[in-house]
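Undergrad: You'll find target28.tsv just under this line, and it carries TSV, C-alpha atoms.
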chain	number	residue	atom	x	y	z
A	1	MET	CA	0.00	0.00	0.00
A	2	ASN	CA	1.36	3.47	-0.93
A	3	THR	CA	0.57	6.46	1.27
A	4	VAL	CA	1.19	10.16	0.54
A	5	CYS	CA	0.74	13.10	2.92
A	6	LEU	CA	0.38	16.71	1.86
A	7	GLY	CA	0.46	19.88	3.91
A	8	ASP	CA	1.54	20.54	7.51
A	9	ARG	CA	0.77	18.17	10.42
A	10	LYS	CA	0.06	21.17	12.64
A	11	SER	CA	-2.60	22.46	10.27
A	12	LYS	CA	-5.92	21.07	9.27
A	13	SER	CA	-4.69	20.93	5.67
A	14	PHE	CA	-2.43	17.94	6.37
A	15	ILE	CA	-3.75	15.13	4.20
A	16	CYS	CA	-2.80	11.49	4.00
A	17	HIS	CA	-4.35	9.02	1.64
A	18	SER	CA	-3.56	5.51	0.48
A	19	TYR	CA	-3.49	3.75	-2.85
A	20	SER	CA	-4.32	0.14	-2.08
A	21	GLU	CA	-7.01	-0.39	-4.68
A	22	ARG	CA	-8.46	1.78	-7.40
A	23	LEU	CA	-12.18	2.08	-6.61
A	24	TRP	CA	-13.04	5.21	-8.62
A	25	PRO	CA	-12.67	6.12	-12.30
A	26	LEU	CA	-9.71	8.14	-13.58
A	27	ARG	CA	-10.42	11.76	-14.44
A	28	ASP	CA	-8.58	14.33	-16.47
A	29	PRO	CA	-6.59	16.79	-14.36
A	30	THR	CA	-7.93	20.33	-14.23
A	31	LEU	CA	-5.85	23.33	-15.25
A	32	ARG	CA	-5.87	24.58	-11.66
A	33	GLN	CA	-4.58	21.23	-10.37
A	34	LEU	CA	-1.71	21.34	-12.84
A	35	GLU	CA	-0.91	24.91	-11.79
A	36	ALA	CA	-0.75	23.67	-8.19
A	37	LEU	CA	1.61	20.87	-9.22
A	38	MET	CA	3.96	23.33	-10.92
A	39	ALA	CA	3.81	25.74	-7.98
A	40	VAL	CA	4.72	23.06	-5.42
A	41	VAL	CA	7.57	21.68	-7.54
A	42	GLU	CA	8.97	25.17	-8.03
A	43	THR	CA	8.53	26.40	-4.45
A	44	GLY	CA	8.91	23.16	-2.47
A	45	THR	CA	6.10	23.74	0.03
A	46	VAL	CA	2.34	23.85	-0.04
A	47	SER	CA	2.25	27.16	1.82
A	48	GLN	CA	4.55	28.90	-0.68
A	49	ALA	CA	2.66	27.35	-3.57
A	50	ALA	CA	-0.59	28.68	-2.09
A	51	ASP	CA	0.93	32.17	-1.87
A	52	LEU	CA	2.06	31.93	-5.49
A	53	LEU	CA	-1.42	30.84	-6.60
A	54	ARG	CA	-3.08	33.40	-4.29
A	55	ILE	CA	-5.22	30.79	-2.60
A	56	SER	CA	-5.36	29.36	0.92
A	57	GLN	CA	-3.06	26.52	1.99
A	58	PRO	CA	-5.99	24.10	2.48
A	59	ALA	CA	-7.21	24.92	-1.04
A	60	ALA	CA	-3.74	24.19	-2.46
A	61	SER	CA	-3.55	20.89	-0.56
A	62	LYS	CA	-7.00	19.94	-1.88
A	63	LEU	CA	-5.89	20.62	-5.46
A	64	LEU	CA	-2.89	18.30	-5.04
A	65	GLN	CA	-4.98	15.62	-3.32
A	66	ASP	CA	-7.52	15.73	-6.15
A	67	LEU	CA	-4.76	15.61	-8.77
A	68	GLU	CA	-3.29	12.46	-7.25
A	69	ALA	CA	-6.74	10.94	-6.88
A	70	ASN	CA	-7.70	11.74	-10.47
A	71	THR	CA	-4.47	10.36	-11.92
A	72	ALA	CA	-3.89	7.48	-9.47
A	73	LEU	CA	-0.25	8.61	-9.30
A	74	GLU	CA	1.85	9.25	-6.22
A	75	LEU	CA	3.37	12.59	-7.14
A	76	PHE	CA	5.12	13.77	-3.95
A	77	GLU	CA	7.07	12.50	-0.96
A	78	ARG	CA	7.71	14.47	2.25
A	79	GLU	CA	11.32	15.04	3.22
A	80	SER	CA	12.50	17.42	5.99
A	81	GLY	CA	9.29	19.40	5.85
A	82	ARG	CA	9.36	19.82	2.07
A	83	LEU	CA	7.43	18.12	-0.69
A	84	ILE	CA	9.78	16.30	-3.06
A	85	PRO	CA	8.34	15.20	-6.41
A	86	THR	CA	8.54	11.50	-7.11
A	87	GLY	CA	9.85	10.26	-10.45
A	88	ARG	CA	6.28	10.21	-11.75
A	89	GLY	CA	5.64	13.65	-10.30
A	90	MET	CA	8.70	15.05	-12.04
A	91	ARG	CA	7.76	13.45	-15.35
A	92	LEU	CA	4.29	14.98	-15.10
A	93	TYR	CA	5.76	18.37	-14.14
A	94	GLU	CA	8.09	18.36	-17.16
A	95	GLU	CA	5.24	17.51	-19.50
A	96	VAL	CA	3.03	20.23	-18.02
A	97	GLU	CA	5.87	22.76	-18.21
A	98	ARG	CA	6.37	21.88	-21.90
A	99	ILE	CA	2.68	22.38	-22.61
A	100	PHE	CA	2.52	25.63	-20.66
A	101	GLY	CA	5.57	26.80	-22.60
A	102	GLY	CA	3.61	26.20	-25.79
A	103	VAL	CA	0.70	28.19	-24.38
A	104	ARG	CA	3.03	31.10	-23.61
A	105	GLN	CA	4.40	30.89	-27.16
A	106	LEU	CA	0.83	30.94	-28.45
A	107	ALA	CA	0.13	34.04	-26.36
A	108	ARG	CA	3.12	35.77	-27.95
A	109	ALA	CA	1.82	34.81	-31.40
A	110	VAL	CA	-1.59	36.29	-30.53
A	111	GLU	CA	0.09	39.53	-29.46
A	112	ALA	CA	2.07	39.62	-32.72
A	113	ILE	CA	-1.16	39.21	-34.69
A	114	ARG	CA	-2.75	42.04	-32.72
A	115	ARG	CA	0.21	44.26	-33.49
A	116	GLU	CA	-0.06	43.47	-37.19
A	117	GLU	CA	-3.75	44.37	-37.12
A	118	ARG	CA	-3.05	47.79	-35.65
A	119	GLY	CA	0.10	48.21	-37.76
A	120	HIS	CA	3.64	46.91	-37.45
A	121	ILE	CA	6.54	47.91	-39.65
A	122	PHE	CA	10.07	46.51	-39.69
A	123	VAL	CA	12.69	49.18	-40.40
A	124	GLY	CA	16.37	48.60	-41.21
A	125	VAL	CA	18.90	51.41	-40.75
A	126	MET	CA	22.61	51.46	-41.51
A	127	PRO	CA	24.73	52.43	-38.47
A	128	ALA	CA	25.64	55.89	-39.82
A	129	LEU	CA	22.00	57.03	-39.60
A	130	SER	CA	20.79	54.89	-36.71
A	131	GLY	CA	21.13	57.62	-34.09
A	132	ALA	CA	19.72	61.14	-33.98
A	133	PHE	CA	18.61	61.32	-37.61
A	134	VAL	CA	16.40	58.24	-37.69
A	135	THR	CA	15.11	59.13	-34.21
A	136	ARG	CA	13.82	62.45	-35.56
A	137	ALA	CA	12.13	60.72	-38.47
A	138	LEU	CA	10.57	58.07	-36.22
A	139	ALA	CA	9.33	60.64	-33.70
A	140	ALA	CA	7.50	62.56	-36.42
A	141	PHE	CA	6.11	59.34	-37.91
A	142	GLN	CA	4.88	58.00	-34.58
A	143	LYS	CA	3.19	61.28	-33.76
A	144	ASN	CA	0.93	60.65	-36.75
A	145	HIS	CA	0.66	56.90	-36.08
A	146	PRO	CA	0.71	56.42	-32.29
A	147	ASP	CA	-0.70	52.88	-32.48
A	148	VAL	CA	1.86	51.54	-34.95
A	149	PHE	CA	4.43	49.12	-33.52
A	150	ILE	CA	7.93	49.65	-34.96
A	151	THR	CA	10.83	47.20	-34.99
A	152	ILE	CA	14.24	48.70	-35.86
A	153	GLU	CA	17.31	46.76	-36.95
A	154	SER	CA	20.68	48.47	-37.39
A	155	ARG	CA	23.06	46.46	-39.57
A	156	SER	CA	25.34	46.86	-42.57
A	157	SER	CA	23.84	47.97	-45.87
A	158	GLN	CA	24.52	44.57	-47.44
A	159	PHE	CA	22.75	42.74	-44.62
A	160	LEU	CA	19.76	45.09	-44.81
A	161	THR	CA	19.56	44.74	-48.59
A	162	ASP	CA	19.38	40.97	-48.27
A	163	ALA	CA	16.71	41.32	-45.56
A	164	VAL	CA	14.56	43.45	-47.87
A	165	LEU	CA	14.94	40.91	-50.67
A	166	LEU	CA	13.79	38.20	-48.25
A	167	ARG	CA	10.90	40.46	-47.13
A	168	ARG	CA	12.05	40.37	-43.51
A	169	LEU	CA	12.15	44.17	-43.56
A	170	ASP	CA	9.45	46.51	-44.82
A	171	ILE	CA	11.96	49.25	-45.57
A	172	ALA	CA	15.71	49.83	-45.21
A	173	LEU	CA	17.85	52.96	-45.24
A	174	VAL	CA	21.14	51.98	-46.90
A	175	ILE	CA	24.20	53.54	-48.53
A	176	SER	CA	23.50	52.21	-52.03
A	177	SER	CA	20.78	50.23	-53.72
A	178	ILE	CA	20.54	47.37	-56.15
A	179	GLU	CA	18.37	46.90	-59.20
A	180	HIS	CA	15.91	44.09	-58.66
A	181	PRO	CA	12.35	43.61	-59.97
A	182	SER	CA	11.00	42.98	-56.46
A	183	ILE	CA	12.61	46.10	-54.95
A	184	SER	CA	11.42	49.72	-55.05
A	185	VAL	CA	14.05	52.41	-54.34
A	186	ASP	CA	13.70	56.07	-53.30
A	187	THR	CA	16.73	58.36	-53.19
A	188	LEU	CA	17.36	60.24	-49.94
A	189	LYS	CA	19.43	63.35	-50.63
A	190	SER	CA	21.53	64.61	-47.75
A	191	PRO	CA	22.50	68.28	-47.38
A	192	PRO	CA	26.01	68.99	-48.70
A	193	ALA	CA	28.92	67.73	-46.61
A	194	VAL	CA	30.16	70.03	-43.84
A	195	ALA	CA	33.44	70.58	-42.03
A	196	VAL	CA	33.13	69.30	-38.47
A	197	LEU	CA	35.43	70.76	-35.80
A	198	PRO	CA	35.94	70.20	-32.09
A	199	GLU	CA	34.68	73.05	-29.93
A	200	GLY	CA	37.29	75.81	-29.61
A	201	HIS	CA	39.21	74.79	-32.76
A	202	PRO	CA	41.10	77.66	-34.51
A	203	LEU	CA	39.28	77.01	-37.81
A	204	MET	CA	36.08	78.20	-36.14
A	205	ALA	CA	37.17	81.72	-37.09
A	206	LYS	CA	36.42	81.01	-40.75
A	207	SER	CA	32.86	81.13	-42.05
A	208	VAL	CA	33.55	78.68	-44.91
A	209	LEU	CA	36.29	76.05	-45.08
A	210	ARG	CA	38.17	74.77	-48.12
A	211	PRO	CA	40.81	72.03	-48.54
A	212	ALA	CA	43.66	74.54	-48.23
A	213	ASP	CA	42.42	75.52	-44.76
A	214	PHE	CA	43.11	72.01	-43.47
A	215	GLU	CA	46.84	71.98	-44.27
A	216	ASP	CA	48.74	70.26	-41.42
A	217	THR	CA	45.50	70.02	-39.38
A	218	PRO	CA	44.94	66.58	-37.79
A	219	PHE	CA	42.15	64.93	-39.78
A	220	VAL	CA	39.85	62.06	-38.74
A	221	ALA	CA	38.90	60.12	-41.88
A	222	PHE	CA	36.43	57.43	-42.78
A	223	SER	CA	37.84	54.05	-43.81
A	224	PRO	CA	39.34	53.99	-47.33
A	225	THR	CA	36.52	51.81	-48.70
A	226	SER	CA	33.71	54.15	-47.66
A	227	MET	CA	31.84	56.36	-50.11
A	228	MET	CA	32.36	59.47	-47.97
A	229	ARG	CA	36.14	58.89	-47.85
A	230	ARG	CA	36.33	58.58	-51.62
A	231	LYS	CA	34.32	61.79	-52.14
A	232	VAL	CA	36.35	63.80	-49.62
A	233	ASP	CA	39.66	62.50	-51.00
A	234	ALA	CA	38.53	63.50	-54.50
A	235	ALA	CA	37.76	67.06	-53.32
A	236	PHE	CA	41.21	67.42	-51.75
A	237	GLU	CA	42.97	65.86	-54.76
A	238	GLU	CA	41.19	68.31	-57.06
A	239	ALA	CA	42.80	71.09	-55.02
A	240	GLY	CA	46.17	69.34	-55.26
A	241	LEU	CA	46.21	68.59	-51.51
A	242	ASN	CA	46.03	65.62	-49.16
A	243	CYS	CA	44.39	65.36	-45.75
A	244	ASN	CA	46.69	65.09	-42.74
A	245	ILE	CA	44.99	61.89	-41.61
A	246	VAL	CA	45.84	60.90	-38.04
A	247	MET	CA	42.96	58.49	-37.44
A	248	GLU	CA	40.52	56.37	-39.42
A	249	ALA	CA	37.21	54.85	-38.37
A	250	ASN	CA	34.80	52.64	-40.27
A	251	THR	CA	31.52	54.08	-38.95
A	252	ALA	CA	30.12	57.61	-38.85
A	253	PRO	CA	29.38	57.46	-35.09
A	254	ASN	CA	33.03	56.60	-34.45
A	255	VAL	CA	34.28	59.47	-36.62
A	256	ALA	CA	31.84	61.88	-35.00
A	257	GLU	CA	32.83	60.93	-31.45
A	258	LEU	CA	36.55	61.18	-32.27
A	259	VAL	CA	36.06	64.72	-33.57
A	260	ALA	CA	33.91	65.67	-30.59
A	261	GLY	CA	36.66	64.30	-28.37
A	262	GLY	CA	39.23	66.66	-29.93
A	263	MET	CA	41.15	64.05	-31.95
A	264	GLY	CA	40.95	66.08	-35.15
A	265	VAL	CA	38.57	67.56	-37.74
A	266	THR	CA	36.62	65.90	-40.54
A	267	VAL	CA	34.42	66.54	-43.56
A	268	ALA	CA	31.24	64.48	-43.51
A	269	ASP	CA	27.60	64.11	-44.33
A	270	PRO	CA	25.62	66.23	-41.81
A	271	LEU	CA	22.94	63.55	-41.35
A	272	ALA	CA	25.56	61.13	-40.07
A	273	MET	CA	27.05	63.81	-37.78
A	274	GLU	CA	23.80	64.58	-35.95
A	275	ILE	CA	24.86	62.22	-33.21
A	276	VAL	CA	27.27	64.90	-31.91
A	277	ALA	CA	25.15	67.99	-32.67
A	278	GLY	CA	25.73	70.53	-29.91
A	279	ARG	CA	29.16	69.09	-29.07
A	280	VAL	CA	30.97	70.14	-32.25
A	281	VAL	CA	31.16	73.18	-34.49
A	282	VAL	CA	30.24	72.92	-38.17
A	283	ARG	CA	31.07	75.09	-41.13
A	284	PRO	CA	30.09	74.88	-44.81
A	285	PHE	CA	32.70	73.11	-46.95
A	286	LEU	CA	33.66	73.98	-50.53
A	287	PRO	CA	33.84	72.56	-53.14
A	288	GLU	CA	30.41	71.12	-52.48
A	289	VAL	CA	30.40	67.40	-51.76
A	290	SER	CA	27.00	65.80	-52.30
A	291	PHE	CA	25.90	62.60	-50.67
A	292	GLU	CA	22.81	60.44	-50.91
A	293	TYR	CA	21.30	57.28	-49.48
A	294	SER	CA	18.68	54.82	-50.68
A	295	LEU	CA	15.36	53.83	-49.16
A	296	MET	CA	14.67	50.26	-50.27
A	297	ARG	CA	11.41	48.38	-49.85
A	298	PRO	CA	9.67	45.37	-51.38
A	299	VAL	CA	7.44	46.29	-54.32
A	300	ARG	CA	4.46	44.71	-52.54
A	301	ALA	CA	5.37	45.64	-48.98
A	302	ARG	CA	3.22	44.78	-45.99
A	303	ASN	CA	1.46	47.85	-44.60
A	304	SER	CA	2.39	49.72	-47.77
A	305	VAL	CA	0.46	52.84	-46.72
A	306	LEU	CA	2.45	53.07	-43.48
A	307	VAL	CA	5.73	52.43	-45.29
A	308	GLU	CA	4.95	55.16	-47.82
A	309	ASP	CA	4.26	57.62	-45.01
A	310	PHE	CA	7.46	56.59	-43.24
A	311	VAL	CA	9.40	57.41	-46.44
A	312	ARG	CA	7.83	60.88	-46.44
A	313	HIS	CA	8.90	61.47	-42.85
A	314	VAL	CA	12.47	60.35	-43.56
A	315	GLN	CA	12.66	62.69	-46.56
A	316	ALA	CA	11.28	65.56	-44.46
A	317	ALA	CA	13.77	64.86	-41.67
A	318	ALA	CA	16.66	65.04	-44.16
A	319	ALA	CA	15.42	68.35	-45.57
A	320	ASP	CA	14.98	69.75	-42.05
A	321	THR	CA	18.39	68.79	-40.65
A	322	LYS	CA	19.62	71.37	-38.13
A	323	VAL	CA	23.29	70.42	-37.89
A	324	LEU	CA	24.30	73.73	-39.55
A	325	ALA	CA	22.30	75.82	-37.09
Turn the structure described in the file into structure tokens.
TA:
Amino acid sequence: MNTVCLGDRKSKSFICHSYSERLWPLRDPTLRQLEALMAVVETGTVSQAADLLRISQPAASKLLQDLEANTALELFERESGRLIPTGRGMRLYEEVERIFGGVRQLARAVEAIRREERGHIFVGVMPALSGAFVTRALAAFQKNHPDVFITIESRSSQFLTDAVLLRRLDIALVISSIEHPSISVDTLKSPPAVAVLPEGHPLMAKSVLRPADFEDTPFVAFSPTSMMRRKVDAAFEEAGLNCNIVMEANTAPNVAELVAGGMGVTVADPLAMEIVAGRVVVRPFLPEVSFEYSLMRPVRARNSVLVEDFVRHVQAAAADTKVLA
């Protein structure tokens, strides 16, 4: 004969019952009984399980007693005042936990569907524009669409291009686009490149800066493979000069922070420099260096109306950049 006791001997909720013969039909466990099983396994005592379930200790003991009665399984043993799950109890707990995990996953899927119903767009942004600039565009967009859920991914242009082709992203802001029948591309024109100086730099005295003004001045450059580096190098070469490069960095945020930290000066796209607006001084640069990005999206994008409006807000944010103020 097997006997199991649940609860505390000092309380009326202490329960002992035996399994000598099965005289009643098996019944399916209730959801509440299974919750009690999980609570006791995870807390170790009936009293703590009751607190977790927000029920009384006698009610928790009754749930466990009924679960064992319904299943004809001895699920717990008492050891040093704690309930220890038997092998069968642990097997049942693991199965219940697996099922409950599936229920939680289902709940997340339901929430995702709700988000899609009220609007959900997936936006990819290259690192150079993933800071202040895209934040301005998103703030304006969300003001018009407060119920839209937005997921942002900042990765390399190549990664984002592939993600648009695979329709994992609804739109991506990248350095250059590709020609593909399933892709629609809008050009995002940036204001002309500016000279960016640390606060207090002697070149602040000039209202406009040209390549000759940078002679022997420590210069923070973009990596040699970047589009901005090639354009700036071409402007200096046209003037028969070279930059006095003392540092290179492969991302616009790195270049911007180095300049703000007093490591040197640079010439860069103002959209990418917004991350340090207020901590650097900017001046117009001649000859004019133009720069542009691409807004890529699937031809038949999800939430195409929202994506179209997001494009308008990005274009407006570029036209309204304040880095020269």
Undergrad: Between A:Gly261, A:Ala36, A:Val41, A:Glu94, which is the closest to Arg54 (chain A) once you count all atoms listed in the file?
TA: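 Ranked by minimum distance to Arg54 (chain A), first place goes to A:Ala36.
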Undergrad: As an exercise, work out the distance from CA of Val196 (chain A) to CA of Thr266 (chain A) in Å and give it to one decimal place.
TA: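 Answer for the CA of Val196 (chain A) to CA of Thr266 (chain A) separation: 5.3 Å.
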Undergrad: Could you work out how far CA of Asp213 (chain A) lies from CA of Gly262 (chain A), giving the answer in Å with one decimal?
TA: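 About the pair CA of Gly262 (chain A) and CA of Asp213 (chain A): they are 17.6 Å apart.
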Undergrad: So how far away is CA of Arg136 (chain A) from CA of Asp309 (chain A), in Å?
TA: 14.3 Å
Undergrad: Give me, as a list of chain:residue names, all polymer residues having an atom no more than 8 Å from Val134 (chain A), counting only C-alpha atoms and skipping those fewer than 5 positions away in the same chain.
TA: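 The residues that qualify are A:Val125, A:Leu129, A:Val314.
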Undergrad: Need the shell around region 288-291 of chain A: protein/DNA/RNA residues with any atom at most 10 Å away, counting all atoms listed in the file. Skip same-chain ones fewer than 4 positions apart. Format as a list in words?
TA: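 Residues near the query, excluding close chain neighbours: Ile175, Leu188, Lys189, Ser190, Pro191, Pro192, Ala193, Val194, Arg210, Met227, Met228, Lys231, Val232, Ala234, Ala235, Val267, Ala268, Asp269, Pro270, Leu271 and Pro284 of chain A.
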Undergrad: Just give me the residues with any atom within 9 Å of (39.4, 61.6, -40.1), file coordinates, counting all atoms listed in the file, written as a ChimeraX atom specification.
TA: /A:218-223,229,243-249,255,258-259,263-267
Undergrad: Limited to C-alpha atoms, could you put the picked residues into a file as a short mmCIF file (atom, residue, chain, number, x, y, z; two decimals), in the frame of the given file?
TA:
data_model
loop_
_atom_site.label_atom_id
_atom_site.label_comp_id
_atom_site.auth_asym_id
_atom_site.auth_seq_id
_atom_site.Cartn_x
_atom_site.Cartn_y
_atom_site.Cartn_z
CA PRO A 218 44.94 66.58 -37.79
CA PHE A 219 42.15 64.93 -39.78
CA VAL A 220 39.85 62.06 -38.74
CA ALA A 221 38.90 60.12 -41.88
CA PHE A 222 36.43 57.43 -42.78
CA SER A 223 37.84 54.05 -43.81
CA ARG A 229 36.14 58.89 -47.85
CA CYS A 243 44.39 65.36 -45.75
CA ASN A 244 46.69 65.09 -42.74
CA ILE A 245 44.99 61.89 -41.61
CA VAL A 246 45.84 60.90 -38.04
CA MET A 247 42.96 58.49 -37.44
CA GLU A 248 40.52 56.37 -39.42
CA ALA A 249 37.21 54.85 -38.37
CA VAL A 255 34.28 59.47 -36.62
CA LEU A 258 36.55 61.18 -32.27
CA VAL A 259 36.06 64.72 -33.57
CA MET A 263 41.15 64.05 -31.95
CA GLY A 264 40.95 66.08 -35.15
CA VAL A 265 38.57 67.56 -37.74
CA THR A 266 36.62 65.90 -40.54
CA VAL A 267 34.42 66.54 -43.56
#
Undergrad: For Lys62 (chain A), which residue among A:Ala195, A:Ala50, A:Leu138, A:Ala212 is the nearest when counting all atoms listed in the file?
TA: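 For Lys62 (chain A), the nearest of the candidates is A:Ala50.
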Undergrad: Would you list the contacts of region 179-184 of chain A as a PyMOL selection string, taking every protein, DNA or RNA residue within 6 Å and counting all atoms listed in the file, but skipping same-chain residues closer than 4 positions in sequence?
TA: chain A and resi 296-299
